[in-house]
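Asker: My structure file data11.txt, compact mmCIF, N, CA and C atoms, is below:
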# COMPACT_ATOMS: atom_id res chain seq x y z
N MET A 1463 -135.01 -25.49 110.16
CA MET A 1463 -134.87 -25.34 108.73
C MET A 1463 -135.28 -26.65 108.06
N PRO A 1464 -136.06 -26.57 106.99
CA PRO A 1464 -136.47 -27.80 106.31
C PRO A 1464 -135.28 -28.49 105.64
N THR A 1465 -135.47 -29.74 105.30
CA THR A 1465 -134.45 -30.47 104.55
C THR A 1465 -135.05 -30.91 103.22
N TYR A 1466 -134.19 -31.03 102.25
CA TYR A 1466 -134.61 -31.46 100.92
C TYR A 1466 -133.73 -32.63 100.51
N PRO A 1467 -134.28 -33.56 99.74
CA PRO A 1467 -133.48 -34.73 99.36
C PRO A 1467 -132.15 -34.33 98.73
N HIS A 1468 -131.13 -34.93 99.16
CA HIS A 1468 -129.74 -34.85 98.71
C HIS A 1468 -129.12 -33.45 98.68
N MET A 1469 -129.80 -32.43 99.19
CA MET A 1469 -129.18 -31.10 99.27
C MET A 1469 -128.29 -31.02 100.50
N LEU A 1470 -127.13 -30.42 100.31
CA LEU A 1470 -126.25 -30.16 101.43
C LEU A 1470 -126.84 -29.03 102.27
N ALA A 1471 -126.38 -28.89 103.51
CA ALA A 1471 -126.90 -27.86 104.41
C ALA A 1471 -126.78 -26.47 103.80
N GLU A 1472 -125.64 -26.18 103.15
CA GLU A 1472 -125.47 -24.85 102.57
C GLU A 1472 -126.42 -24.62 101.39
N ASP A 1473 -126.75 -25.68 100.64
CA ASP A 1473 -127.71 -25.57 99.55
C ASP A 1473 -129.12 -25.35 100.11
N THR A 1474 -129.45 -26.07 101.17
CA THR A 1474 -130.75 -25.93 101.82
C THR A 1474 -130.96 -24.50 102.29
N GLU A 1475 -129.92 -23.90 102.82
CA GLU A 1475 -130.02 -22.51 103.28
C GLU A 1475 -130.33 -21.57 102.12
N VAL A 1476 -129.62 -21.75 101.01
CA VAL A 1476 -129.85 -20.93 99.81
C VAL A 1476 -131.28 -21.13 99.30
N TRP A 1477 -131.72 -22.37 99.21
CA TRP A 1477 -133.04 -22.67 98.67
C TRP A 1477 -134.15 -22.14 99.58
N SER A 1478 -134.01 -22.33 100.87
CA SER A 1478 -135.02 -21.83 101.81
C SER A 1478 -135.14 -20.31 101.72
N LYS A 1479 -134.02 -19.64 101.57
CA LYS A 1479 -134.03 -18.18 101.43
C LYS A 1479 -134.79 -17.79 100.15
N TYR A 1480 -134.55 -18.52 99.06
CA TYR A 1480 -135.24 -18.23 97.81
C TYR A 1480 -136.75 -18.44 97.96
N LEU A 1481 -137.14 -19.55 98.57
CA LEU A 1481 -138.57 -19.87 98.70
C LEU A 1481 -139.32 -18.84 99.55
N ALA A 1482 -138.62 -18.13 100.42
CA ALA A 1482 -139.26 -17.10 101.24
C ALA A 1482 -139.74 -15.94 100.38
N SER A 1483 -139.13 -15.76 99.21
CA SER A 1483 -139.51 -14.66 98.32
C SER A 1483 -139.19 -15.04 96.87
N PRO A 1484 -139.96 -15.99 96.30
CA PRO A 1484 -139.64 -16.46 94.94
C PRO A 1484 -139.83 -15.37 93.89
N LEU A 1485 -139.03 -15.47 92.85
CA LEU A 1485 -139.06 -14.49 91.76
C LEU A 1485 -140.35 -14.57 90.95
N ALA A 1486 -140.89 -15.77 90.82
CA ALA A 1486 -142.12 -15.99 90.05
C ALA A 1486 -143.01 -16.97 90.82
N PRO A 1487 -144.32 -16.90 90.61
CA PRO A 1487 -145.21 -17.85 91.28
C PRO A 1487 -144.89 -19.28 90.86
N ILE A 1488 -144.77 -20.16 91.83
CA ILE A 1488 -144.45 -21.56 91.59
C ILE A 1488 -145.74 -22.37 91.71
N LYS A 1489 -146.05 -23.13 90.65
CA LYS A 1489 -147.25 -23.95 90.66
C LYS A 1489 -147.02 -25.28 91.38
N GLU A 1490 -145.84 -25.85 91.16
CA GLU A 1490 -145.53 -27.16 91.74
C GLU A 1490 -144.02 -27.33 91.78
N LEU A 1491 -143.55 -28.10 92.76
CA LEU A 1491 -142.12 -28.38 92.91
C LEU A 1491 -141.88 -29.87 92.99
N TRP A 1492 -140.79 -30.33 92.38
CA TRP A 1492 -140.35 -31.71 92.51
C TRP A 1492 -138.88 -31.68 92.89
N TYR A 1493 -138.52 -32.50 93.84
CA TYR A 1493 -137.14 -32.54 94.32
C TYR A 1493 -136.49 -33.87 93.94
N ASP A 1494 -135.16 -33.81 93.77
CA ASP A 1494 -134.39 -35.03 93.57
C ASP A 1494 -134.88 -35.80 92.34
N VAL A 1495 -135.04 -35.09 91.23
CA VAL A 1495 -135.59 -35.69 90.00
C VAL A 1495 -134.48 -36.44 89.27
N HIS A 1496 -134.68 -37.73 89.10
CA HIS A 1496 -133.68 -38.58 88.44
C HIS A 1496 -133.74 -38.42 86.92
N VAL A 1497 -132.58 -38.28 86.31
CA VAL A 1497 -132.47 -38.19 84.86
C VAL A 1497 -131.24 -38.97 84.40
N GLY A 1498 -131.21 -39.27 83.12
CA GLY A 1498 -130.05 -39.95 82.55
C GLY A 1498 -130.06 -41.44 82.84
N ALA A 1499 -129.02 -42.07 82.36
CA ALA A 1499 -128.90 -43.52 82.51
C ALA A 1499 -128.13 -43.86 83.78
N GLY A 1500 -128.50 -44.96 84.38
CA GLY A 1500 -127.74 -45.46 85.51
C GLY A 1500 -126.48 -46.16 85.03
N ILE A 1501 -125.71 -46.67 85.96
CA ILE A 1501 -124.49 -47.38 85.58
C ILE A 1501 -124.86 -48.63 84.79
N PRO A 1502 -124.04 -48.98 83.81
CA PRO A 1502 -124.34 -50.19 83.03
C PRO A 1502 -124.12 -51.43 83.89
N LEU A 1503 -125.02 -52.39 83.75
CA LEU A 1503 -124.93 -53.65 84.47
C LEU A 1503 -124.84 -54.79 83.48
N PRO A 1504 -124.34 -55.92 83.92
CA PRO A 1504 -124.31 -57.09 83.04
C PRO A 1504 -125.72 -57.47 82.59
N ALA A 1505 -125.82 -58.08 81.44
CA ALA A 1505 -127.12 -58.46 80.88
C ALA A 1505 -127.89 -59.39 81.82
N ASP A 1506 -127.19 -60.17 82.61
CA ASP A 1506 -127.87 -61.13 83.49
C ASP A 1506 -128.14 -60.56 84.89
N ALA A 1507 -128.03 -59.26 85.06
CA ALA A 1507 -128.30 -58.64 86.36
C ALA A 1507 -129.77 -58.84 86.73
N SER A 1508 -130.02 -59.02 88.00
CA SER A 1508 -131.39 -59.23 88.47
C SER A 1508 -132.19 -57.93 88.36
N ASP A 1509 -133.52 -58.07 88.35
CA ASP A 1509 -134.38 -56.89 88.33
C ASP A 1509 -134.12 -56.01 89.54
N MET A 1510 -133.88 -56.63 90.68
CA MET A 1510 -133.60 -55.88 91.91
C MET A 1510 -132.31 -55.07 91.74
N ASP A 1511 -131.26 -55.67 91.20
CA ASP A 1511 -130.00 -54.95 90.98
C ASP A 1511 -130.21 -53.79 90.00
N LYS A 1512 -131.02 -54.01 88.98
CA LYS A 1512 -131.29 -52.95 88.00
C LYS A 1512 -132.03 -51.79 88.65
N ARG A 1513 -133.02 -52.09 89.50
CA ARG A 1513 -133.78 -51.03 90.18
C ARG A 1513 -132.89 -50.27 91.15
N ILE A 1514 -132.05 -50.98 91.87
CA ILE A 1514 -131.14 -50.32 92.82
C ILE A 1514 -130.15 -49.43 92.07
N ALA A 1515 -129.56 -49.95 91.01
CA ALA A 1515 -128.59 -49.18 90.24
C ALA A 1515 -129.23 -47.92 89.66
N ALA A 1516 -130.46 -48.06 89.14
CA ALA A 1516 -131.16 -46.90 88.58
C ALA A 1516 -131.46 -45.87 89.67
N GLY A 1517 -131.78 -46.33 90.85
CA GLY A 1517 -132.13 -45.43 91.94
C GLY A 1517 -130.95 -44.67 92.52
N ILE A 1518 -129.78 -45.28 92.51
CA ILE A 1518 -128.65 -44.61 93.16
C ILE A 1518 -127.59 -44.07 92.20
N SER A 1519 -127.63 -44.45 90.95
CA SER A 1519 -126.54 -44.02 90.06
C SER A 1519 -126.98 -43.04 88.96
N ARG A 1520 -128.27 -42.76 88.87
CA ARG A 1520 -128.70 -41.77 87.89
C ARG A 1520 -128.42 -40.37 88.41
N LYS A 1521 -128.32 -39.42 87.51
CA LYS A 1521 -128.11 -38.02 87.90
C LYS A 1521 -129.38 -37.50 88.56
N ARG A 1522 -129.22 -36.54 89.48
CA ARG A 1522 -130.38 -36.02 90.21
C ARG A 1522 -130.42 -34.50 90.15
N ILE A 1523 -131.53 -34.00 89.66
CA ILE A 1523 -131.77 -32.56 89.61
C ILE A 1523 -132.20 -32.12 91.00
N ASP A 1524 -131.64 -31.00 91.48
CA ASP A 1524 -132.05 -30.50 92.79
C ASP A 1524 -133.54 -30.23 92.83
N VAL A 1525 -134.02 -29.40 91.89
CA VAL A 1525 -135.43 -28.99 91.90
C VAL A 1525 -135.91 -28.79 90.47
N VAL A 1526 -137.13 -29.25 90.21
CA VAL A 1526 -137.84 -28.88 88.98
C VAL A 1526 -139.08 -28.14 89.44
N ALA A 1527 -139.29 -26.94 88.90
CA ALA A 1527 -140.43 -26.12 89.28
C ALA A 1527 -141.32 -25.87 88.07
N ALA A 1528 -142.62 -26.06 88.26
CA ALA A 1528 -143.59 -25.66 87.24
C ALA A 1528 -143.84 -24.18 87.44
N VAL A 1529 -143.43 -23.38 86.46
CA VAL A 1529 -143.53 -21.92 86.54
C VAL A 1529 -144.12 -21.42 85.23
N GLY A 1530 -145.19 -20.64 85.32
CA GLY A 1530 -145.85 -20.17 84.10
C GLY A 1530 -146.31 -21.37 83.29
N GLY A 1531 -145.99 -21.38 82.00
CA GLY A 1531 -146.37 -22.48 81.13
C GLY A 1531 -145.25 -23.47 80.88
N GLY A 1532 -144.19 -23.41 81.70
CA GLY A 1532 -143.06 -24.30 81.48
C GLY A 1532 -142.43 -24.76 82.78
N PHE A 1533 -141.16 -25.12 82.67
CA PHE A 1533 -140.46 -25.72 83.81
C PHE A 1533 -139.09 -25.08 83.99
N TRP A 1534 -138.74 -24.85 85.22
CA TRP A 1534 -137.39 -24.45 85.56
C TRP A 1534 -136.67 -25.68 86.08
N VAL A 1535 -135.53 -26.00 85.49
CA VAL A 1535 -134.64 -27.03 86.02
C VAL A 1535 -133.61 -26.27 86.85
N ILE A 1536 -133.65 -26.48 88.17
CA ILE A 1536 -132.92 -25.62 89.09
C ILE A 1536 -131.77 -26.34 89.77
N GLU A 1537 -130.60 -25.73 89.68
CA GLU A 1537 -129.43 -26.16 90.44
C GLU A 1537 -129.26 -25.15 91.57
N VAL A 1538 -129.16 -25.63 92.79
CA VAL A 1538 -129.02 -24.77 93.96
C VAL A 1538 -127.60 -24.87 94.47
N LYS A 1539 -126.94 -23.73 94.56
CA LYS A 1539 -125.55 -23.67 95.02
C LYS A 1539 -125.33 -22.36 95.77
N PRO A 1540 -124.44 -22.33 96.75
CA PRO A 1540 -124.10 -21.05 97.36
C PRO A 1540 -123.52 -20.07 96.33
N ARG A 1541 -122.74 -20.59 95.36
CA ARG A 1541 -122.12 -19.74 94.35
C ARG A 1541 -122.34 -20.35 92.96
N ALA A 1542 -122.83 -19.54 92.04
CA ALA A 1542 -122.98 -19.99 90.65
C ALA A 1542 -121.59 -19.99 90.03
N ASN A 1543 -121.08 -21.18 89.75
CA ASN A 1543 -119.73 -21.33 89.22
C ASN A 1543 -119.76 -22.25 88.01
N MET A 1544 -118.59 -22.67 87.55
CA MET A 1544 -118.51 -23.53 86.36
C MET A 1544 -119.17 -24.89 86.61
N VAL A 1545 -119.06 -25.39 87.82
CA VAL A 1545 -119.68 -26.68 88.14
C VAL A 1545 -121.20 -26.56 88.01
N ALA A 1546 -121.76 -25.54 88.63
CA ALA A 1546 -123.21 -25.33 88.56
C ALA A 1546 -123.68 -25.13 87.12
N LEU A 1547 -122.89 -24.40 86.34
CA LEU A 1547 -123.23 -24.17 84.94
C LEU A 1547 -123.31 -25.49 84.17
N GLY A 1548 -122.30 -26.32 84.31
CA GLY A 1548 -122.30 -27.61 83.63
C GLY A 1548 -123.44 -28.50 84.08
N GLN A 1549 -123.69 -28.50 85.38
CA GLN A 1549 -124.78 -29.34 85.90
C GLN A 1549 -126.13 -28.91 85.34
N VAL A 1550 -126.45 -27.62 85.41
CA VAL A 1550 -127.78 -27.19 85.01
C VAL A 1550 -128.01 -27.35 83.51
N ILE A 1551 -126.98 -27.19 82.70
CA ILE A 1551 -127.12 -27.41 81.26
C ILE A 1551 -127.38 -28.89 80.98
N THR A 1552 -126.61 -29.74 81.61
CA THR A 1552 -126.77 -31.19 81.42
C THR A 1552 -128.12 -31.66 81.93
N TYR A 1553 -128.49 -31.23 83.13
CA TYR A 1553 -129.77 -31.65 83.71
C TYR A 1553 -130.95 -31.20 82.86
N SER A 1554 -130.88 -30.00 82.32
CA SER A 1554 -131.98 -29.50 81.48
C SER A 1554 -132.15 -30.35 80.23
N ARG A 1555 -131.04 -30.66 79.59
CA ARG A 1555 -131.09 -31.50 78.39
C ARG A 1555 -131.65 -32.88 78.71
N LEU A 1556 -131.17 -33.49 79.78
CA LEU A 1556 -131.63 -34.82 80.15
C LEU A 1556 -133.09 -34.81 80.60
N PHE A 1557 -133.52 -33.75 81.27
CA PHE A 1557 -134.91 -33.63 81.68
C PHE A 1557 -135.83 -33.65 80.46
N VAL A 1558 -135.46 -32.89 79.43
CA VAL A 1558 -136.27 -32.86 78.20
C VAL A 1558 -136.29 -34.24 77.55
N LEU A 1559 -135.14 -34.89 77.48
CA LEU A 1559 -135.07 -36.22 76.85
C LEU A 1559 -135.87 -37.27 77.62
N ASP A 1560 -135.78 -37.24 78.94
CA ASP A 1560 -136.42 -38.27 79.75
C ASP A 1560 -137.91 -38.05 79.96
N TYR A 1561 -138.34 -36.80 80.09
CA TYR A 1561 -139.73 -36.52 80.47
C TYR A 1561 -140.58 -35.91 79.37
N ARG A 1562 -139.98 -35.40 78.30
CA ARG A 1562 -140.72 -34.79 77.19
C ARG A 1562 -141.82 -33.86 77.71
N PRO A 1563 -141.44 -32.85 78.50
CA PRO A 1563 -142.45 -31.99 79.12
C PRO A 1563 -143.18 -31.12 78.11
N GLN A 1564 -144.42 -30.79 78.44
CA GLN A 1564 -145.21 -29.85 77.64
C GLN A 1564 -144.83 -28.45 78.10
N GLY A 1565 -144.32 -27.64 77.24
CA GLY A 1565 -143.90 -26.29 77.60
C GLY A 1565 -142.39 -26.18 77.55
N GLU A 1566 -141.92 -24.94 77.68
CA GLU A 1566 -140.48 -24.68 77.61
C GLU A 1566 -139.78 -25.12 78.89
N VAL A 1567 -138.49 -25.39 78.75
CA VAL A 1567 -137.66 -25.76 79.90
C VAL A 1567 -136.52 -24.75 79.97
N TRP A 1568 -136.34 -24.16 81.14
CA TRP A 1568 -135.29 -23.16 81.34
C TRP A 1568 -134.31 -23.62 82.41
N PRO A 1569 -133.02 -23.58 82.12
CA PRO A 1569 -132.03 -23.88 83.15
C PRO A 1569 -131.86 -22.67 84.08
N VAL A 1570 -131.89 -22.92 85.38
CA VAL A 1570 -131.84 -21.85 86.38
C VAL A 1570 -130.88 -22.25 87.49
N ILE A 1571 -130.05 -21.32 87.91
CA ILE A 1571 -129.21 -21.51 89.08
C ILE A 1571 -129.68 -20.53 90.15
N VAL A 1572 -130.01 -21.05 91.33
CA VAL A 1572 -130.37 -20.21 92.47
C VAL A 1572 -129.17 -20.23 93.41
N CYS A 1573 -128.70 -19.04 93.79
CA CYS A 1573 -127.45 -18.94 94.55
C CYS A 1573 -127.42 -17.68 95.41
N ASP A 1574 -126.37 -17.56 96.19
CA ASP A 1574 -126.13 -16.34 96.97
C ASP A 1574 -125.17 -15.40 96.27
N SER A 1575 -124.34 -15.94 95.37
CA SER A 1575 -123.40 -15.12 94.61
C SER A 1575 -123.05 -15.86 93.32
N ALA A 1576 -122.50 -15.09 92.37
CA ALA A 1576 -122.14 -15.68 91.08
C ALA A 1576 -120.72 -15.27 90.70
N ASP A 1577 -120.06 -16.15 90.00
CA ASP A 1577 -118.71 -15.89 89.51
C ASP A 1577 -118.79 -14.82 88.41
N ASP A 1578 -118.18 -13.66 88.66
CA ASP A 1578 -118.24 -12.56 87.70
C ASP A 1578 -117.67 -12.93 86.34
N ASP A 1579 -116.72 -13.84 86.30
CA ASP A 1579 -116.13 -14.25 85.03
C ASP A 1579 -117.10 -15.02 84.14
N LEU A 1580 -118.20 -15.49 84.71
CA LEU A 1580 -119.13 -16.34 83.96
C LEU A 1580 -120.42 -15.64 83.56
N VAL A 1581 -120.60 -14.39 83.94
CA VAL A 1581 -121.86 -13.70 83.67
C VAL A 1581 -122.21 -13.74 82.18
N ASP A 1582 -121.26 -13.42 81.32
CA ASP A 1582 -121.51 -13.46 79.87
C ASP A 1582 -121.79 -14.89 79.40
N GLN A 1583 -121.13 -15.86 79.99
CA GLN A 1583 -121.32 -17.27 79.62
C GLN A 1583 -122.73 -17.73 79.99
N PHE A 1584 -123.18 -17.36 81.18
CA PHE A 1584 -124.56 -17.71 81.58
C PHE A 1584 -125.54 -17.16 80.55
N ASP A 1585 -125.38 -15.88 80.21
CA ASP A 1585 -126.28 -15.25 79.23
C ASP A 1585 -126.21 -15.94 77.88
N GLU A 1586 -125.00 -16.20 77.42
CA GLU A 1586 -124.79 -16.81 76.11
C GLU A 1586 -125.46 -18.19 76.02
N LEU A 1587 -125.44 -18.92 77.12
CA LEU A 1587 -126.01 -20.28 77.14
C LEU A 1587 -127.46 -20.32 77.59
N GLY A 1588 -128.04 -19.17 77.87
CA GLY A 1588 -129.46 -19.11 78.25
C GLY A 1588 -129.74 -19.62 79.65
N VAL A 1589 -128.78 -19.49 80.54
CA VAL A 1589 -128.95 -19.93 81.92
C VAL A 1589 -129.30 -18.72 82.78
N ALA A 1590 -130.46 -18.81 83.44
CA ALA A 1590 -130.87 -17.73 84.36
C ALA A 1590 -130.16 -17.96 85.70
N VAL A 1591 -129.60 -16.90 86.23
CA VAL A 1591 -128.96 -16.96 87.54
C VAL A 1591 -129.73 -16.03 88.48
N ILE A 1592 -130.30 -16.63 89.51
CA ILE A 1592 -131.06 -15.86 90.51
C ILE A 1592 -130.21 -15.78 91.76
N VAL A 1593 -129.77 -14.56 92.07
CA VAL A 1593 -128.95 -14.33 93.25
C VAL A 1593 -129.86 -13.83 94.36
N ASN A 1594 -129.86 -14.57 95.48
CA ASN A 1594 -130.68 -14.16 96.65
C ASN A 1594 -130.21 -12.82 97.18
Have the structure of the file written as structure tokens, please.
Answerer:
Amino acid sequence: MPTYPHMLAEDTEVWSKYLASPLAPIKELWYDVHVGAGIPLPADASDMDKRIAAGISRKRIDVVAAVGGGFWVIEVKPRANMVALGQVITYSRLFVLDYRPQGEVWPVIVCDSADDDLVDQFDELGVAVIVN
């Protein structure tokens, strides 16, 4: 089974299953996409400390996919739950702020199951949930 940056084994299983039969043609994939600000450092921090802090303390999107004329910001989880919902909404907003992509950006959760209590919430917030 392939490995992807910072994905847990159970996430890798979900993602590999999805890639075997994707819902839409994928033009390009990026993994472990950094967004947001890193931890604040003192003004006199070295350039090396700043680069290290930015590399390890920024938020990381599991997958960004170029699909159609836009981008899917994808959170991969065995179960689409409140944590996944919060992550994908935040990551989508930060992706737009940091990268200013050309085209629409859609928050997507790829999973094996979804919390039934959140189905209406996903719809209300415009989050696509793809259940393998």
Asker: List the neighbours of region 1475-1482 of chain A out to 6.5 Å using only N, CA and C atoms; skip same-chain residues closer than 3 positions along the sequence, and give me the result as a PDB file with N, CA and C atoms, in the frame of the given file.
Answerer:
ATOM      1  N   LEU A1470    -127.130 -30.420 100.310  1.00  0.00           N
ATOM      2  CA  LEU A1470    -126.250 -30.160 101.430  1.00  0.00           C
ATOM      3  C   LEU A1470    -126.840 -29.030 102.270  1.00  0.00           C
ATOM      4  N   ALA A1471    -126.380 -28.890 103.510  1.00  0.00           N
ATOM      5  CA  ALA A1471    -126.900 -27.860 104.410  1.00  0.00           C
ATOM      6  C   ALA A1471    -126.780 -26.470 103.800  1.00  0.00           C
ATOM      7  N   GLU A1472    -125.640 -26.180 103.150  1.00  0.00           N
ATOM      8  CA  GLU A1472    -125.470 -24.850 102.570  1.00  0.00           C
ATOM      9  C   GLU A1472    -126.420 -24.620 101.390  1.00  0.00           C
ATOM     10  N   LEU A1485    -139.030 -15.470  92.850  1.00  0.00           N
ATOM     11  CA  LEU A1485    -139.060 -14.490  91.760  1.00  0.00           C
ATOM     12  C   LEU A1485    -140.350 -14.570  90.950  1.00  0.00           C
ATOM     13  N   VAL A1538    -129.160 -25.630  92.790  1.00  0.00           N
ATOM     14  CA  VAL A1538    -129.020 -24.770  93.960  1.00  0.00           C
ATOM     15  C   VAL A1538    -127.600 -24.870  94.470  1.00  0.00           C
ATOM     16  N   LYS A1539    -126.940 -23.730  94.560  1.00  0.00           N
ATOM     17  CA  LYS A1539    -125.550 -23.670  95.020  1.00  0.00           C
ATOM     18  C   LYS A1539    -125.330 -22.360  95.770  1.00  0.00           C
ATOM     19  N   PRO A1540    -124.440 -22.330  96.750  1.00  0.00           N
ATOM     20  CA  PRO A1540    -124.100 -21.050  97.360  1.00  0.00           C
ATOM     21  C   PRO A1540    -123.520 -20.070  96.330  1.00  0.00           C
ATOM     22  N   VAL A1572    -130.010 -21.050  91.330  1.00  0.00           N
ATOM     23  CA  VAL A1572    -130.370 -20.210  92.470  1.00  0.00           C
ATOM     24  C   VAL A1572    -129.170 -20.230  93.410  1.00  0.00           C
ATOM     25  N   CYS A1573    -128.700 -19.040  93.790  1.00  0.00           N
ATOM     26  CA  CYS A1573    -127.450 -18.940  94.550  1.00  0.00           C
ATOM     27  C   CYS A1573    -127.420 -17.680  95.410  1.00  0.00           C
ATOM     28  N   ASP A1574    -126.370 -17.560  96.190  1.00  0.00           N
ATOM     29  CA  ASP A1574    -126.130 -16.340  96.970  1.00  0.00           C
ATOM     30  C   ASP A1574    -125.170 -15.400  96.270  1.00  0.00           C
ATOM     31  N   ASN A1594    -129.860 -14.570  95.480  1.00  0.00           N
ATOM     32  CA  ASN A1594    -130.680 -14.160  96.650  1.00  0.00           C
ATOM     33  C   ASN A1594    -130.210 -12.820  97.180  1.00  0.00           C
TER      34      ASN A1594
END
Asker: Smallest atom-to-atom distance to Arg1541 (chain A): which of A:Asp1560, A:Asp1524, A:Asp1577, A:Asp1506, using all atoms listed in the file?
Answerer: A:Asp1577
Asker: Could you state the separation of CA of Gln1549 (chain A) and CA of Val1535 (chain A) in Å, given to one decimal place?
Answerer: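 These atoms are spaced 10.1 Å apart.
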Asker: Taking only C-alpha atoms into account, which of A:Ile1523, A:Ile1571, A:Ala1499, A:Ile1518 comes nearest Tyr1553 (chain A)?
Answerer: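 Ranking A:Ile1523, A:Ile1571, A:Ala1499, A:Ile1518 by distance to Tyr1553 (chain A), first place goes to A:Ile1523.
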Asker: Write down as a short mmCIF file (atom, residue, chain, number, x, y, z; two decimals) with N, CA and C atoms, in the coordinates of the input the residues of chain A whose backbone DSSP state falls under strand (DSSP E).
Answerer:
data_model
loop_
_atom_site.label_atom_id
_atom_site.label_comp_id
_atom_site.auth_asym_id
_atom_site.auth_seq_id
_atom_site.Cartn_x
_atom_site.Cartn_y
_atom_site.Cartn_z
N ILE A 1488 -144.77 -20.16 91.83
CA ILE A 1488 -144.45 -21.56 91.59
C ILE A 1488 -145.74 -22.37 91.71
N LYS A 1489 -146.05 -23.13 90.65
CA LYS A 1489 -147.25 -23.95 90.66
C LYS A 1489 -147.02 -25.28 91.38
N GLU A 1490 -145.84 -25.85 91.16
CA GLU A 1490 -145.53 -27.16 91.74
C GLU A 1490 -144.02 -27.33 91.78
N LEU A 1491 -143.55 -28.10 92.76
CA LEU A 1491 -142.12 -28.38 92.91
C LEU A 1491 -141.88 -29.87 92.99
N TRP A 1492 -140.79 -30.33 92.38
CA TRP A 1492 -140.35 -31.71 92.51
C TRP A 1492 -138.88 -31.68 92.89
N TYR A 1493 -138.52 -32.50 93.84
CA TYR A 1493 -137.14 -32.54 94.32
C TYR A 1493 -136.49 -33.87 93.94
N ASP A 1494 -135.16 -33.81 93.77
CA ASP A 1494 -134.39 -35.03 93.57
C ASP A 1494 -134.88 -35.80 92.34
N VAL A 1495 -135.04 -35.09 91.23
CA VAL A 1495 -135.59 -35.69 90.00
C VAL A 1495 -134.48 -36.44 89.27
N HIS A 1496 -134.68 -37.73 89.10
CA HIS A 1496 -133.68 -38.58 88.44
C HIS A 1496 -133.74 -38.42 86.92
N VAL A 1497 -132.58 -38.28 86.31
CA VAL A 1497 -132.47 -38.19 84.86
C VAL A 1497 -131.24 -38.97 84.40
N LYS A 1521 -128.32 -39.42 87.51
CA LYS A 1521 -128.11 -38.02 87.90
C LYS A 1521 -129.38 -37.50 88.56
N ARG A 1522 -129.22 -36.54 89.48
CA ARG A 1522 -130.38 -36.02 90.21
C ARG A 1522 -130.42 -34.50 90.15
N ILE A 1523 -131.53 -34.00 89.66
CA ILE A 1523 -131.77 -32.56 89.61
C ILE A 1523 -132.20 -32.12 91.00
N ASP A 1524 -131.64 -31.00 91.48
CA ASP A 1524 -132.05 -30.50 92.79
C ASP A 1524 -133.54 -30.23 92.83
N VAL A 1525 -134.02 -29.40 91.89
CA VAL A 1525 -135.43 -28.99 91.90
C VAL A 1525 -135.91 -28.79 90.47
N VAL A 1526 -137.13 -29.25 90.21
CA VAL A 1526 -137.84 -28.88 88.98
C VAL A 1526 -139.08 -28.14 89.44
N ALA A 1527 -139.29 -26.94 88.90
CA ALA A 1527 -140.43 -26.12 89.28
C ALA A 1527 -141.32 -25.87 88.07
N ALA A 1528 -142.62 -26.06 88.26
CA ALA A 1528 -143.59 -25.66 87.24
C ALA A 1528 -143.84 -24.18 87.44
N VAL A 1529 -143.43 -23.38 86.46
CA VAL A 1529 -143.53 -21.92 86.54
C VAL A 1529 -144.12 -21.42 85.23
N GLY A 1532 -144.19 -23.41 81.70
CA GLY A 1532 -143.06 -24.30 81.48
C GLY A 1532 -142.43 -24.76 82.78
N PHE A 1533 -141.16 -25.12 82.67
CA PHE A 1533 -140.46 -25.72 83.81
C PHE A 1533 -139.09 -25.08 83.99
N TRP A 1534 -138.74 -24.85 85.22
CA TRP A 1534 -137.39 -24.45 85.56
C TRP A 1534 -136.67 -25.68 86.08
N VAL A 1535 -135.53 -26.00 85.49
CA VAL A 1535 -134.64 -27.03 86.02
C VAL A 1535 -133.61 -26.27 86.85
N ILE A 1536 -133.65 -26.48 88.17
CA ILE A 1536 -132.92 -25.62 89.09
C ILE A 1536 -131.77 -26.34 89.77
N GLU A 1537 -130.60 -25.73 89.68
CA GLU A 1537 -129.43 -26.16 90.44
C GLU A 1537 -129.26 -25.15 91.57
N VAL A 1538 -129.16 -25.63 92.79
CA VAL A 1538 -129.02 -24.77 93.96
C VAL A 1538 -127.60 -24.87 94.47
N ARG A 1541 -122.74 -20.59 95.36
CA ARG A 1541 -122.12 -19.74 94.35
C ARG A 1541 -122.34 -20.35 92.96
N ALA A 1542 -122.83 -19.54 92.04
CA ALA A 1542 -122.98 -19.99 90.65
C ALA A 1542 -121.59 -19.99 90.03
N VAL A 1567 -138.49 -25.39 78.75
CA VAL A 1567 -137.66 -25.76 79.90
C VAL A 1567 -136.52 -24.75 79.97
N TRP A 1568 -136.34 -24.16 81.14
CA TRP A 1568 -135.29 -23.16 81.34
C TRP A 1568 -134.31 -23.62 82.41
N PRO A 1569 -133.02 -23.58 82.12
CA PRO A 1569 -132.03 -23.88 83.15
C PRO A 1569 -131.86 -22.67 84.08
N VAL A 1570 -131.89 -22.92 85.38
CA VAL A 1570 -131.84 -21.85 86.38
C VAL A 1570 -130.88 -22.25 87.49
N ILE A 1571 -130.05 -21.32 87.91
CA ILE A 1571 -129.21 -21.51 89.08
C ILE A 1571 -129.68 -20.53 90.15
N VAL A 1572 -130.01 -21.05 91.33
CA VAL A 1572 -130.37 -20.21 92.47
C VAL A 1572 -129.17 -20.23 93.41
N CYS A 1573 -128.70 -19.04 93.79
CA CYS A 1573 -127.45 -18.94 94.55
C CYS A 1573 -127.42 -17.68 95.41
N SER A 1575 -124.34 -15.94 95.37
CA SER A 1575 -123.40 -15.12 94.61
C SER A 1575 -123.05 -15.86 93.32
N ALA A 1576 -122.50 -15.09 92.37
CA ALA A 1576 -122.14 -15.68 91.08
C ALA A 1576 -120.72 -15.27 90.70
N ALA A 1590 -130.46 -18.81 83.44
CA ALA A 1590 -130.87 -17.73 84.36
C ALA A 1590 -130.16 -17.96 85.70
N VAL A 1591 -129.60 -16.90 86.23
CA VAL A 1591 -128.96 -16.96 87.54
C VAL A 1591 -129.73 -16.03 88.48
N ILE A 1592 -130.30 -16.63 89.51
CA ILE A 1592 -131.06 -15.86 90.51
C ILE A 1592 -130.21 -15.78 91.76
N VAL A 1593 -129.77 -14.56 92.07
CA VAL A 1593 -128.95 -14.33 93.25
C VAL A 1593 -129.86 -13.83 94.36
#
Asker: To one decimal place, how far is atom N of Tyr1493 (chain A) from CA of Gln1564 (chain A) in Å?
Answerer: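 About the pair atom N of Tyr1493 (chain A) and CA of Gln1564 (chain A): they are 17.7 Å apart.
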